[in-house]
Structures are given as C-alpha cells and as structure tokens.
Number of protein chains: 6
Amino acid sequence: MKRALVPGTFDPITAGHLDVITRAAMIFDEVVVSVAASKKKGPLFSLEERVELVREAVSDLENVRVISFDGLLVDCARIHDAHAVVKGLRVVTDFEYEFQMTAMNYELGPNLETFFIMSPPKYMYLSSSVVREISSMGGDVSKFVPPCVDVALKKRFGLE
Amino acid sequence: MKRALVPGTFDPITAGHLDVITRAAMIFDEVVVSVAASKKKGPLFSLEERVELVREAVSDLENVRVISFDGLLVDCARIHDAHAVVKGLRVVTDFEYEFQMTAMNYELGPNLETFFIMSPPKYMYLSSSVVREISSMGGDVSKFVPPCVDVALKKRFGLE
Amino acid sequence: MKRALVPGTFDPITAGHLDVITRAAMIFDEVVVSVAASKKKGPLFSLEERVELVREAVSDLENVRVISFDGLLVDCARIHDAHAVVKGLRVVTDFEYEFQMTAMNYELGPNLETFFIMSPPKYMYLSSSVVREISSMGGDVSKFVPPCVDVALKKRFGLE
Amino acid sequence: MKRALVPGTFDPITAGHLDVITRAAMIFDEVVVSVAASKKKGPLFSLEERVELVREAVSDLENVRVISFDGLLVDCARIHDAHAVVKGLRVVTDFEYEFQMTAMNYELGPNLETFFIMSPPKYMYLSSSVVREISSMGGDVSKFVPPCVDVALKKRFGLE
Amino acid sequence: MKRALVPGTFDPITAGHLDVITRAAMIFDEVVVSVAASKKKGPLFSLEERVELVREAVSDLENVRVISFDGLLVDCARIHDAHAVVKGLRVVTDFEYEFQMTAMNYELGPNLETFFIMSPPKYMYLSSSVVREISSMGGDVSKFVPPCVDVALKKRFGLE
Amino acid sequence: MKRALVPGTFDPITAGHLDVITRAAMIFDEVVVSVAASKKKGPLFSLEERVELVREAVSDLENVRVISFDGLLVDCARIHDAHAVVKGLRVVTDFEYEFQMTAMNYELGPNLETFFIMSPPKYMYLSSSVVREISSMGGDVSKFVPPCVDVALKKRFGLE
C-alpha cells in the first residue's frame with residue numbers, strides 16, 4: 001500500500017489545492033493531507049479552522065485523510081509511514097523554493113520521494129495569498145475556492 | 001495496479017535518468033520506460049541502441065519494462081494502460097518546456113497525471129547532451145552514466 | 001490615430017496569437033499583423049500560406065491588416081508608421097528573449113514602444129511549435145488553432 | 001478615447017516608473033496613475049506624500065492624472081472607465097507575480113487588458129525598495145529618482 | 001595585491017558560504033568577509049555572534065579577515081580598499097536580486113567589480129534561512145554548517 | 001601569479017565581451033581569451049577570423065592574450081595553467097546553462113574556479129547572435145561591437 005503526504009499551510013485551501021489532492025488520490029492508495037501549523041506566517045485562519053475547511057473540501061474523496069502537524073516534514077512522513085510527498089506546482093519561483101526544501105529533505109529523510117504534480121493552467125496562478133488579498137478587498141473568489149471556504153472568507157471579512 | 005510511463009529520448013541514458021526510474025519504481029507497481037524515436041533530433045545512438053542501453057541499465061529493477069515509441073505520449077500511455085507519467089526535473093528552463101507539454105497533454109489525454117520527480121542535487125545538472133559533448137571531446141563521463149553507456153560512448157567516439 | 005504592429009512567424013497562427021491580436025485591436029485604432037519571412041527557421045508553411053491563414057483567422061476584426069515583412073522590425077514599424085509593437089507573452093524563457101530584442105530595438109528605433117500582453121492561462125502554454133509537433137503525430141489540435149489552420153495542418157500532414 | 005491605468009505603490013516614484021508613465025502617455029489618450037494605499041507594506045511615505053510626489057514628477061505630462069485608491073484594481077479601472085492597465089516590467093520574478101495577478105484579474109474583470117511595457121536596460125534593475133535602502137544608508141540616489149523625490153528622501157533620512 | 005570582499009548576513013554561516021570564501025581565498029591575495037548588521041531582518045544571532053562564528057569557521061584560512069559593517073557595500077569596499085566583491089550563487093531568484101544590487105553598485109561605485117562564484121551542486125540549495133528553519137524544529141543540520149555553528153544552533157534552540 | 005581564462009565562441013566579439021575581458025584584466029594578473037572552435041554551431045566567422053578580431057579588439061589591454069582551442073575547457077585551463085574561468089552573465093537562461101556546464105567542470109577539473117562577472121545593464125541584453133541577426137538585415141550595430149567587428153560585419157554582409 002502506497003501512502004502519500006500532501007503538505008501545505010492551506011490558509012485557506014483553494015480549488016488548486018483540491019485539484020492536486022484529487023490527482024494524488026487517483027494514483028496513491030492513501031493520501032494524507034498534512035496541514036502545517038505555520039505559526040510564523042501569522043495565518044488568517046487558525047490551524048483548527050484550516051484543518052476543518054480542508055476536511056470539508058475533501059469529504060468526497062474516500063482515500064484521503066486530513067491531519068495537522070508542527071515540525072519537520074520528514075518526521076511527519078515517518079510517523080505516518082508515507083513513502084512519498086506530493087506537491088502542486090504553480091510558478092517558477094515556487095519551484096525554486098521547492099527545489100531547495102526537497103534537496104534538504106533528501107539529506108534529512110533519504111527514503112522519502114517528492115513528486116510535483118502540475119495543475120491545469122486555470123489553477124496555475126492561484127494561491128492562498130492572492131485569494132486572501134482579493135477577498136479582503138471585497139472581491140468575489142467563489143470561482144477559486146471550495147464553497148465552504150467562500151463562506152468562511154465572507155464571514156471573516158464581514159462581507160455577508 | 002498503478003502503472004507509470006517514464007518517457008524520454010535517452011540518448012544515452014544517464015545516472016540522472018536511472019535515479020528517476022529507480023525512484024518511480026519504488027512508488028508505482030510497474031514502470032514502463034518509453035524511449036522516443038525522436039528522429040528529428042538526429043540522435044547519436046539509434047532507437048534500437050538506446051532501448052538496449054536502457055534495458056541493460058535497468059536490468060536490476062524487477063518492475064521496470066522498456067519499450068520504444070514514436071508518436072504522441074498520450075497515445076503511448078493509453079496503449080500501455082498507464083495512469084501516470086513520471087519525469088525527472090533538472091533546471092528551470094526544462095521545467096517551463098515540461099509545463100507547456102503537460103498543459104497540452106491535459107487537453108489531449110485528460111486522464112493521465114504527470115508527476116515530476118526531483119533528483120538529488122548531484123544529478124541536477126546532468127543531461128544527455130552534456131554527456132555527449134564531453135565524451136566527444138575525450139572527457140571521462142564514467143561518473144555520469146551507467147557502465148554500459150560509458151563503454152558505448154567510448155566505442156562511438158573511438159576512445160578505446 | 002494609434003497604430004500597433006503585432007509581429008511573428010505565425011507558423012501557423014494559433015488561438016493564442018488570435019487572442020493577442022484581438023486584445024490589441026480593442027486598444028489600438030489599427031493593428032498591423034506583420035508575418036516575418038523567417039527563412040532560417042525553415043517554416044512548415046510558406047510565407048504566402050502563413051499570411052493567408054492569418055488573414056482568414058482575423059477576417060472578423062475590422063481594424064486589423066495583415067502584411068508580410070523580411071528585415072528589421074524597427075524598419076517595418078517605420079514604414080507602416082506604427083507607434084507600438086504588441087507581443088503576446090507565454091512563458092518566462094520567451095520573456096527573456098523578448099527582453100533582449102526589445103532592448104536592442106530601443107537602441108535601433110527609439111520612438112517605438114513595445115508592449116507585452118498577457119493571454120489568459122489557457123493560452124499560456126500554447127505555441128506554434130507544439131501545435132506542429134502534435135499535429136504531425138496525428139493529434140487533434142482543433143482546440144488550439146482557428147478552423148482554417150486545423151484544415152491546413154490536416155492537409156499538410158495527410159491526416160484527412 | 002482610450003484610457004489606461006498605471007497602478008503601483010510608488011514608495012517613492014523612481015525614474016523607471018516615470019519612464020513607464022511617459023511611454024504609456026505616448027500611446028494612450030489619457031493615463032491615470034493610481035497610487036495604491038498599500039497599508040500592509042508599511043510604506044516609507046504616506047499615501048498623500050506619495051500622490052504628491054507622483055503629481056510633481058508627472059507635472060509636464062498633459063494627459064496624465066494622479067489618483068489614490070484602496071481596493072481591487074479591477075474596481076478602480078471600472079470607476080475610472082479605463083480599458084487597459086499598463087505596468088512596467090523589470091526582472092523575471094516580478095513578472096511571475098504579475099502573471100499571477102493578471103490571471104486573477106482576467107477572471108475578476110474580463111474587459112480589462114493588461115499591458116506590460118519594458119523600460120530601457122538602465123532602468124531595468126531599479127526599484128523603490130532599492131532606492132529606499134540606498135538612501136537610508138546615506139547613498140546618493142539622485143540618478144534614480146525625480147528631483148522632488150531626491151529632496152524628500154534626504155529630508156526623511158535627515159541627510160540634508 | 002588584489003583584495004576581495006565577501007559580504008553577507010551570515011545568520012549563521014553555512015557550509016556553502018564557507019565553500020565560497022575558500023574558493024575566493026584561492027584566487028585573491030586577501031579576502032575580507034564582511035558581515036552586514038542587517039538589523040531589519042531581525043537576525044537569529046547578534047552581529048557579534050555572527051562575526052564570531054564566521055571567524056571560527058574561517059580560522060584555517062590564512063588570507064581571510066572578518067569584519068562587520070553597517071552601510072553601503074560600496075563604502076565598505078572603499079574603506080577596505082577592495083577591488084572586487086565575490087558572492088556565492090545558489091538559485092535563480094537569488095541571482096535576479098543580485099543583478100539588481102550589482103547594477104545599482106555599478107552606478108554608486110564604478111570601480112568595484114562583482115564576481116559571482118558557483119558552489120558545487122551539493123551546496124546549491126543550502127541557505128541560512130533553511131538551516132534556521134530545520135534547526136528550530138529539531139532537525140539535524142550538522143551536514144550543512146561548520147561544527148561551531150551546529151553547537152550554537154543547538155544551544156539557541158535548546159536542543160542540547 | 002593568477003591567470004584566468006575567458007572562454008567563448010566570439011562570433012563575433014561584442015562590446016559586452018570586451019567589457020567582461022576588461023574587468024577580468026583588472027583583477028587577474030593575466031587573462032587568456034580562449035576562442036572555441038565551435039564547429040557544430042556553423043559560425044559566421046572562421047576560427048582564424050574570430051581570433052583575429054578578438055586580438056584587434058583587446059590590443060590595448062597589456063595583460064591579455066588570445067588563443068584558440070578545440071576540446072574541453074578543463075583541458076584548456078590545465079594546459080595554460082589557469083586557476084579560474086571568468087564568464088560574463090547576461091540573462092537568466094544563460095545562467096542555467098552555465099550552471100550545468102560549471103557543475104560538470106567541477107567534476108572534471110576540481111581545481112578550476114568559475115567566476116561569473118556581471119556587465120552593466122546596457123550590455124546585459126547584447127549577444128553575438130542578435131548582432132549577427134541585426135547586421136544581416138542591414139541594421140547598424142556600431143554601438144554594440146568594436147570598430148573592427150563593425151567593418152568585418154559590413155564586409156561579410158555586403159553592406160559597404
């Protein structure tokens with residue numbers, strides 16, 4: 001049985017994240033979405049809220065579980081007995097940072113493979129930070145996020 | 001059972017290619033290495049030679065098969081009932097071209113996932129063309145290729 | 001009256017090119033699509049064929065003219081009294097080459113502005129070369145090109 | 001009549017910004033320079049100061065107006081009946097972020113075209129943040145900014 | 001006698017920094033490692049601690065001196081009569097920022113050459129920030145830093 | 001005594017190349033400009049012509065010698081007892097290719113340092129291929145090349 005981690009801050013989960021998770025779930029026997037605490041980033045949603053929104057967004061996918069974690073990705077993979085990490089790729093800058101982290105992870109946890117999965121072009125330029133920025137200014141982000149996130153963002157920014 | 005294609009020209013197969021195939025073989029039940037005809041590129045080794053060198057290089061990997069193909073990658077995946085394509089990533093330029101092809105493939109064969117796998121830094125800057133160039137000038141490429149390829153390159157360039 | 005050149009090889013014109021031309025035609029009073037001879041590239045379609053396909057593709061756009069040219073872009077702009085060059089942008093690599101040419105053009109023809117226009121993500125990864133490659137292997141490119149180009153490609157590759 | 005927005009934080013306006021505005025003013029009938037509040041960035045100059053410095057810097061350009069805005073760019077464009085957004089391009093990283101925002105804007109305000117204009121190489125590596133950094137350390141930035149900004153920076157950093 | 005500056009924040013010095021300093025020391029008669037105050041970055045280690053760790057790390061290199069500086073790099077070079085600045089290069093993003101600063105430095109201090117030196121691939125993806133992040137989560141960074149830094153990080157994060 | 005190689009095809013030498021050679025000559029005791037045969041590229045000028053044009057262009061620089069070479073750069077460095085390779089950097093794409101070759105060279109000739117030197121922005125977008133292209137179409141390239149090259153290009157393209 002092959003198990004993959006899909007790690008991220010998911011602040012909040014977007015349609016692009018959901019696309020990556022769905023694709024991973026078609027290939028791997030089990031997918032563990034790992035929501036990072038990311039305290040330093042000062043996230044908009046609390047860790048509990050982010051986990052809850054991811055859970056609601058992936059509720060249709062049978063072989064997907066959602067957990068939170070605070071620490072090194074390689075340790076998280078070891079604990080959950082995951083053989084691979086799957087990440088979505090968006091733009092080039094992104095990629096370089098991922099390269100850097102993946103290269104370090106190869107040193108720290110040599111038995112963990114990192115796969116990058118490409119989303120279709122329509123999700124390529126989507127990010128949680130852009131979604132937060134647009135929503136905070138009253139823009140409509142319903143095309144870019146699962147319905148539960150749309151509701152949560154409107155509540156957060158008092159747009160309802 | 002999950003089957004992945006690892007496509008390429010493999011002119012010739014390098015230690016970096018072998019690393020990607022080995023990693024893919026740890027995750028997927030079966031890996032089909034698909035050697036593209038790539039006639040337009042005027043390859044150094046014939047399609048038959050390239051297939052033969054890949055076969056020799058992967059002979060220790062039980063769940064890896066080697067085939068040749070001439071046509072669209074999405075058709076090759078359909079014929080071999082592969083659910084995923086796995087490609088190695090080296091440098092950024094590469095990545096952009098891969099983006100382009102993958103975006104097209106999503107249109108042409110929507111049920112085929114493309115995963116990019118990262119090699120460790122030591123293979124990041126390795127490519128068949130650099131290996132050919134160095135070998136053609138008499139340089140020692142034994143660190144960069146499987147032993148059978150080292151022999152084949154020396155023979156090809158009359159270095160023995 | 002503001003006139004813009006949209007230069008390119010257009011071998012053949014794609015849906016992405018057409019998108020750029022349409023956007024330019026909404027801003028400028030007149031758009032002159034300038035099909036470059038590009039003999040060195042050994043184009044698939046002759047200059048006359050390429051001009052003809054562009055003409056057919058833009059026939060609905062009233063303020064768009066199509067010409068062929070062989071020489072320096074700055075000279076072409078001078079002859080046609082164009083104040084601006086409009087180019088589509090796809091991927092980063094592209095961009096760097098465009099930077100290089102635009103920087104040279106600023107030296108050669110200082111009164112000519114170069115604008116880059118972004119296509120929506122679905123066209124971002126589309127290029128004439130990818131279209132030619134897919135079509136030559138029997139793939140369906142009807143989503144990526146105007147109908148007249150689809151017909152021309154099928155005829156060229158004997159796919160009908 | 002074609003109207004373009006040139007948006008930015010302009011903290012402070014540099015010679016590169018002025019070059020982009022001047023080029024846009026040669027092509028469009030009217031240019032509206034839109035100074036973003038950008039409170040989150042903790043700007044060096046207040047919104048009022050930034051607007052004032054831009055106004056002084058563009059005072060010779062007859063078809064250029066300066067406004068401030070706080071919100072979504074697409075809303076600002078709608079209010080001012082602008083058909084296009086014109087942005088300067090500097091380096092590649094920049095470009096990727098612009099891609100992301102422009103792709104989102106296409107979804108949010110589909111009738112707004114985004115043009116990127118290239119500055120000559122000498123302005124390519126100029127940015128407000130580098131100007132602020134150099135000036136804060138007592139460096140001479142008079143080559144990189146309009147005279148009114150040079151005065152304002154010296155006053156701000158007590159260099160006079 | 002040729003003297004080069006190797007500037008940086010060194011928060012903390014990594015094996016990659018040490019590699020660049022060592023390579024510079026093989027080419028230049030004297031190398032001055034210039035530790036920037038970088039107060040704005042809110043460094044993990046104080047300026048004094050960072051200087052001390054660099055000094056310990058380079059103690060075997062006879063023609064290397066370590067200083068601290070707070071101000072413009074071009075002024076630092078002038079004071080220490082340095083003819084060149086040597087910087088390590090890691091990833092592409094990096095490079096663009098360096099381009100920007102170097103272009104500005106050419107204007108500010110035209111007699112100062114900037115050389116970029118490439119580290120071997122194994123150091124390519126190493127950075128102080130990644131080291132800090134991994135260490136703060138209890139990961140082992142002993143492969144990535146000089147021994148004195150490993151000790152200092154463990155003490156700082158209470159890992160001993 | 002520190003000796004550096006400045007390798008290239010120099011087809012033909014541009015003002016940007018000359019800038020890099022001049023900067024290298026200010027730092028190193030001796031600079032050996034190494035003109036590569038590059039037969040595969042089908043150069044416009046013969047190896048002899050290219051060497052001759054470089055020699056004329058650098059005739060004012062006392063510590064610069066010009067040689068031709070055909071083979072591996074690391075062998076050329078060994079023969080000429082050079083401790084370093086100095087290359088100019090232009091754009092990002094370039095840089096990635098250079099990374100690849102430099103990484104290979106570290107394996108092939110571990111005692112050879114590679115330095116990249118940045119030209120001022122005005123030379124950043126200059127390349128031999130752009131110069132050849134513009135000149136072949138009758139454009140004026142006198143700003144971009146040494147006078148002897150301007151004469152040679154005009155003769156070659158029958159522009160006199």
# chains A, B, ... in the order shown; residues from 1 in each chain; ligands from 1

$ residues_around --residues "Glu107 in chain B" --least-positions-apart "5" --cutoff "12 Å" --atoms "only C-alpha atoms" --output "compact mmCIF listing (two decimals) with all heavy atoms, in the first residue's frame"
# COMPACT_ATOMS: atom_id res chain seq x y z
N SER A 119 -0.92 21.29 -12.03
CA SER A 119 -2.34 21.55 -12.18
C SER A 119 -2.60 22.06 -13.59
O SER A 119 -1.69 22.51 -14.26
CB SER A 119 -2.81 22.60 -11.18
OG SER A 119 -2.79 22.07 -9.89
N PRO A 120 -3.84 21.98 -14.05
CA PRO A 120 -4.14 22.58 -15.35
C PRO A 120 -3.93 24.09 -15.28
O PRO A 120 -4.00 24.69 -14.21
CB PRO A 120 -5.61 22.23 -15.57
CG PRO A 120 -6.14 21.72 -14.28
CD PRO A 120 -4.99 21.35 -13.43
N PRO A 121 -3.66 24.71 -16.45
CA PRO A 121 -3.34 26.13 -16.48
C PRO A 121 -4.30 27.02 -15.70
O PRO A 121 -3.85 27.98 -15.07
CB PRO A 121 -3.40 26.46 -17.98
CG PRO A 121 -2.98 25.19 -18.63
CD PRO A 121 -3.56 24.08 -17.77
N VAL B 74 0.44 10.74 -25.07
CA VAL B 74 -0.88 10.34 -24.56
C VAL B 74 -1.37 9.04 -25.21
O VAL B 74 -2.05 8.23 -24.57
CB VAL B 74 -1.95 11.45 -24.71
CG1 VAL B 74 -1.65 12.60 -23.75
CG2 VAL B 74 -2.03 11.96 -26.14
N GLN B 100 4.64 23.34 -20.58
CA GLN B 100 3.96 23.53 -21.86
C GLN B 100 3.41 22.19 -22.38
O GLN B 100 2.24 22.08 -22.71
CB GLN B 100 4.98 24.12 -22.84
CG GLN B 100 4.37 24.75 -24.04
CD GLN B 100 5.41 25.43 -24.92
OE1 GLN B 100 6.61 25.24 -24.75
NE2 GLN B 100 4.95 26.21 -25.87
N MET B 101 4.26 21.18 -22.39
CA MET B 101 3.84 19.88 -22.90
C MET B 101 2.77 19.25 -21.99
O MET B 101 1.82 18.64 -22.47
CB MET B 101 5.03 18.92 -23.01
CG MET B 101 5.95 19.23 -24.15
SD MET B 101 5.10 19.46 -25.76
CE MET B 101 4.38 17.82 -26.01
N THR B 102 2.93 19.42 -20.69
CA THR B 102 1.97 18.82 -19.77
C THR B 102 0.61 19.49 -19.90
O THR B 102 -0.44 18.82 -19.89
CB THR B 102 2.49 18.91 -18.32
OG1 THR B 102 3.76 18.29 -18.26
CG2 THR B 102 1.54 18.23 -17.35
N LEU B 112 -4.62 11.33 -17.70
CA LEU B 112 -3.23 10.98 -17.48
C LEU B 112 -2.57 12.03 -16.58
O LEU B 112 -2.51 13.20 -16.92
CB LEU B 112 -2.51 10.95 -18.84
CG LEU B 112 -1.06 10.50 -18.85
CD1 LEU B 112 -0.93 9.04 -18.46
CD2 LEU B 112 -0.48 10.73 -20.24
N GLU B 113 -2.10 11.60 -15.41
CA GLU B 113 -1.45 12.54 -14.49
C GLU B 113 0.04 12.64 -14.82
O GLU B 113 0.66 11.65 -15.16
CB GLU B 113 -1.59 12.06 -13.04
CG GLU B 113 -3.00 11.84 -12.59
CD GLU B 113 -3.88 13.04 -12.85
OE1 GLU B 113 -3.40 14.16 -12.64
OE2 GLU B 113 -5.02 12.86 -13.29
N LYS C 122 -5.25 29.67 -20.18
CA LYS C 122 -5.45 28.53 -21.10
C LYS C 122 -4.61 28.64 -22.38
O LYS C 122 -4.39 27.65 -23.06
CB LYS C 122 -6.94 28.36 -21.43
CG LYS C 122 -7.54 29.49 -22.25
CD LYS C 122 -9.01 29.19 -22.57
CE LYS C 122 -9.66 30.47 -23.10
NZ LYS C 122 -10.96 30.23 -23.70
N TYR C 123 -4.17 29.85 -22.72
CA TYR C 123 -3.34 30.01 -23.91
C TYR C 123 -1.86 30.14 -23.56
O TYR C 123 -1.02 30.28 -24.43
CB TYR C 123 -3.76 31.25 -24.70
CG TYR C 123 -5.13 31.16 -25.28
CD1 TYR C 123 -6.02 32.22 -25.21
CD2 TYR C 123 -5.54 30.00 -25.94
CE1 TYR C 123 -7.28 32.14 -25.75
CE2 TYR C 123 -6.82 29.91 -26.48
CZ TYR C 123 -7.68 30.98 -26.38
OH TYR C 123 -8.92 30.89 -26.92
N TYR C 125 0.39 28.23 -22.52
CA TYR C 125 1.34 27.17 -22.82
C TYR C 125 1.22 26.69 -24.25
O TYR C 125 1.69 25.62 -24.61
CB TYR C 125 1.17 26.02 -21.82
CG TYR C 125 1.52 26.53 -20.45
CD1 TYR C 125 0.55 26.95 -19.56
CD2 TYR C 125 2.85 26.70 -20.11
CE1 TYR C 125 0.90 27.49 -18.34
CE2 TYR C 125 3.22 27.24 -18.89
CZ TYR C 125 2.24 27.63 -18.01
OH TYR C 125 2.59 28.18 -16.81
N LEU C 126 0.58 27.53 -25.05
CA LEU C 126 0.33 27.18 -26.44
C LEU C 126 1.40 27.82 -27.31
O LEU C 126 1.74 28.99 -27.14
CB LEU C 126 -1.05 27.75 -26.80
CG LEU C 126 -1.69 27.36 -28.11
CD1 LEU C 126 -1.78 25.85 -28.27
CD2 LEU C 126 -3.09 27.97 -28.17
N ILE C 134 2.34 18.16 -32.34
CA ILE C 134 1.20 17.30 -32.05
C ILE C 134 0.48 16.91 -33.34
O ILE C 134 0.14 15.75 -33.56
CB ILE C 134 0.22 18.01 -31.08
CG1 ILE C 134 0.89 18.17 -29.71
CG2 ILE C 134 -1.09 17.24 -30.95
CD1 ILE C 134 0.09 19.01 -28.73
N GLY C 139 -2.20 14.04 -33.70
CA GLY C 139 -3.02 14.53 -32.59
C GLY C 139 -4.02 15.58 -33.06
O GLY C 139 -3.81 16.24 -34.08
N ASP C 140 -5.08 15.73 -32.29
CA ASP C 140 -6.15 16.68 -32.64
C ASP C 140 -5.82 18.05 -32.05
O ASP C 140 -5.77 18.21 -30.83
CB ASP C 140 -7.47 16.15 -32.07
CG ASP C 140 -8.62 17.12 -32.31
OD1 ASP C 140 -8.44 18.11 -33.06
OD2 ASP C 140 -9.70 16.88 -31.73
N VAL C 141 -5.58 19.05 -32.89
CA VAL C 141 -5.23 20.38 -32.40
C VAL C 141 -6.36 21.39 -32.61
O VAL C 141 -6.14 22.60 -32.49
CB VAL C 141 -3.93 20.91 -33.06
CG1 VAL C 141 -2.75 20.03 -32.69
CG2 VAL C 141 -4.10 21.01 -34.57
N SER C 142 -7.57 20.88 -32.88
CA SER C 142 -8.66 21.80 -33.22
C SER C 142 -9.00 22.78 -32.09
O SER C 142 -9.51 23.86 -32.35
CB SER C 142 -9.90 21.01 -33.63
OG SER C 142 -10.30 20.15 -32.59
N LYS C 143 -8.69 22.42 -30.85
CA LYS C 143 -8.94 23.35 -29.74
C LYS C 143 -7.94 24.49 -29.71
O LYS C 143 -8.14 25.48 -29.01
CB LYS C 143 -8.76 22.63 -28.40
CG LYS C 143 -9.82 21.69 -27.99
CD LYS C 143 -9.47 21.14 -26.59
CE LYS C 143 -10.22 19.85 -26.34
NZ LYS C 143 -9.87 19.27 -25.05
N PHE C 144 -6.82 24.31 -30.38
CA PHE C 144 -5.69 25.23 -30.19
C PHE C 144 -5.50 26.21 -31.35
O PHE C 144 -4.67 27.11 -31.26
CB PHE C 144 -4.39 24.44 -30.01
CG PHE C 144 -4.46 23.36 -28.97
CD1 PHE C 144 -3.95 22.09 -29.22
CD2 PHE C 144 -5.02 23.61 -27.71
CE1 PHE C 144 -4.01 21.09 -28.26
CE2 PHE C 144 -5.08 22.63 -26.74
CZ PHE C 144 -4.58 21.35 -27.02

$ interface_residues --of "chain D" --to "chain C" --cutoff "6 Å" --atoms "only C-alpha atoms" --output "MDAnalysis selection string"
chainID D and resid 115:117

$ write_last_selection --atoms "all heavy atoms" --output "mmCIF file, in the first residue's frame"
data_model
loop_
_atom_site.group_PDB
_atom_site.id
_atom_site.type_symbol
_atom_site.label_atom_id
_atom_site.label_comp_id
_atom_site.auth_asym_id
_atom_site.auth_seq_id
_atom_site.Cartn_x
_atom_site.Cartn_y
_atom_site.Cartn_z
ATOM 1 N N PHE D 115 -1.244 45.439 -20.156
ATOM 2 C CA PHE D 115 -0.051 45.544 -20.985
ATOM 3 C C PHE D 115 1.165 45.709 -20.081
ATOM 4 O O PHE D 115 1.114 46.450 -19.103
ATOM 5 C CB PHE D 115 -0.113 46.786 -21.877
ATOM 6 C CG PHE D 115 -1.096 46.685 -22.989
ATOM 7 C CD1 PHE D 115 -2.395 47.131 -22.825
ATOM 8 C CD2 PHE D 115 -0.726 46.157 -24.210
ATOM 9 C CE1 PHE D 115 -3.311 47.048 -23.860
ATOM 10 C CE2 PHE D 115 -1.634 46.074 -25.254
ATOM 11 C CZ PHE D 115 -2.936 46.516 -25.079
ATOM 12 N N PHE D 116 2.226 45.040 -20.452
ATOM 13 C CA PHE D 116 3.483 45.234 -19.749
ATOM 14 C C PHE D 116 4.404 46.004 -20.675
ATOM 15 O O PHE D 116 4.530 45.659 -21.850
ATOM 16 C CB PHE D 116 4.117 43.884 -19.404
ATOM 17 C CG PHE D 116 3.286 43.086 -18.444
ATOM 18 C CD1 PHE D 116 2.468 42.060 -18.896
ATOM 19 C CD2 PHE D 116 3.314 43.385 -17.103
ATOM 20 C CE1 PHE D 116 1.692 41.339 -18.010
ATOM 21 C CE2 PHE D 116 2.539 42.660 -16.204
ATOM 22 C CZ PHE D 116 1.718 41.639 -16.666
ATOM 23 N N ILE D 117 5.010 47.039 -20.170
ATOM 24 C CA ILE D 117 5.906 47.820 -21.011
ATOM 25 C C ILE D 117 7.314 47.699 -20.457
ATOM 26 O O ILE D 117 7.530 47.689 -19.256
ATOM 27 C CB ILE D 117 5.450 49.297 -21.105
ATOM 28 C CG1 ILE D 117 6.099 49.958 -22.292
ATOM 29 C CG2 ILE D 117 5.710 50.047 -19.820
ATOM 30 C CD1 ILE D 117 5.437 51.270 -22.670
#

$ select_by_dssp --residues "range 14-110 of chain D" --states "helix (DSSP H, G or I)" --output "ChimeraX atom specification"
/D:15-27,39-41,47-57,73-79,92-108

$ select_by_dssp --residues "chain B" --states "strand (DSSP E or B)" --output "PyMOL selection string"
chain B and resi 3-8+30-36+64-69+84-89+113-118

$ residues_around --residues "Ala15 in chain C" --least-positions-apart "2" --cutoff "6 Å" --atoms "only C-alpha atoms" --output "list in words"
His17, Leu18, Phe144 and Val145 of chain C

$ residues_around --residues "Arg65 in chain E" --least-positions-apart "6" --cutoff "9 Å" --atoms "only C-alpha atoms" --output "NGL selection string"
:E and (30-34 or 55 or 58)

$ residues_around --residues "Cys76 in chain F" --least-positions-apart "5" --cutoff "10 Å" --atoms "only C-alpha atoms" --output "JSON, numbers by chain"
{"F": [5, 7, 34, 67, 68, 69, 70, 71, 81, 82]}

$ write_last_selection --atoms "all heavy atoms" --output "compact mmCIF listing (two decimals), in the first residue's frame"
# COMPACT_ATOMS: atom_id res chain seq x y z
N LEU F 5 41.06 32.22 -17.56
CA LEU F 5 40.58 32.02 -18.93
C LEU F 5 39.26 32.77 -19.10
O LEU F 5 38.41 32.73 -18.21
CB LEU F 5 40.27 30.55 -19.18
CG LEU F 5 41.37 29.53 -19.41
CD1 LEU F 5 40.73 28.21 -19.89
CD2 LEU F 5 42.38 30.01 -20.43
N PRO F 7 36.59 32.12 -21.80
CA PRO F 7 36.28 31.32 -22.98
C PRO F 7 35.01 31.79 -23.69
O PRO F 7 34.17 32.45 -23.09
CB PRO F 7 36.03 29.94 -22.37
CG PRO F 7 35.44 30.23 -21.03
CD PRO F 7 36.03 31.55 -20.57
N SER F 34 40.03 32.62 -24.69
CA SER F 34 40.11 31.32 -25.38
C SER F 34 38.95 31.20 -26.36
O SER F 34 37.81 30.99 -25.95
CB SER F 34 40.03 30.20 -24.34
OG SER F 34 40.98 30.41 -23.31
N ILE F 67 43.97 33.04 -27.55
CA ILE F 67 44.33 31.73 -28.11
C ILE F 67 43.06 31.10 -28.70
O ILE F 67 41.95 31.54 -28.42
CB ILE F 67 44.90 30.77 -27.05
CG1 ILE F 67 43.83 30.51 -25.96
CG2 ILE F 67 46.18 31.32 -26.43
CD1 ILE F 67 44.08 29.27 -25.14
N SER F 68 43.24 30.08 -29.50
CA SER F 68 42.08 29.30 -29.95
C SER F 68 42.16 27.93 -29.27
O SER F 68 43.24 27.50 -28.88
CB SER F 68 42.09 29.13 -31.47
OG SER F 68 43.22 28.39 -31.86
N PHE F 69 41.00 27.29 -29.09
CA PHE F 69 41.06 25.94 -28.55
C PHE F 69 39.89 25.11 -29.06
O PHE F 69 38.87 25.63 -29.48
CB PHE F 69 41.12 25.94 -27.01
CG PHE F 69 39.79 26.08 -26.31
CD1 PHE F 69 39.19 24.98 -25.69
CD2 PHE F 69 39.16 27.29 -26.26
CE1 PHE F 69 37.97 25.11 -25.03
CE2 PHE F 69 37.94 27.44 -25.60
CZ PHE F 69 37.35 26.34 -25.00
N ASP F 70 40.11 23.80 -29.08
CA ASP F 70 39.10 22.87 -29.58
C ASP F 70 39.15 21.67 -28.64
O ASP F 70 40.06 20.86 -28.71
CB ASP F 70 39.46 22.46 -31.01
CG ASP F 70 38.34 21.65 -31.65
OD1 ASP F 70 37.29 21.49 -31.01
OD2 ASP F 70 38.55 21.18 -32.78
N GLY F 71 38.21 21.60 -27.74
CA GLY F 71 38.24 20.49 -26.77
C GLY F 71 37.54 20.90 -25.50
O GLY F 71 36.69 21.78 -25.50
N ASP F 81 47.67 26.58 -17.48
CA ASP F 81 47.91 26.80 -16.06
C ASP F 81 47.03 27.93 -15.50
O ASP F 81 47.51 28.83 -14.81
CB ASP F 81 49.40 27.12 -15.82
CG ASP F 81 49.77 27.00 -14.35
OD1 ASP F 81 49.06 26.26 -13.62
OD2 ASP F 81 50.76 27.64 -13.94
N ALA F 82 45.77 27.87 -15.85
CA ALA F 82 44.82 28.90 -15.37
C ALA F 82 44.11 28.41 -14.13
O ALA F 82 43.76 27.24 -14.03
CB ALA F 82 43.80 29.22 -16.46

$ atom_distance --atom1 "CA of Pro43 in chain A" --atom2 "CA of Asp11 in chain A"
6.3 Å

$ atom_distance --atom1 "CA of Arg50 in chain E" --atom2 "CA of Leu44 in chain D"
28.9 Å
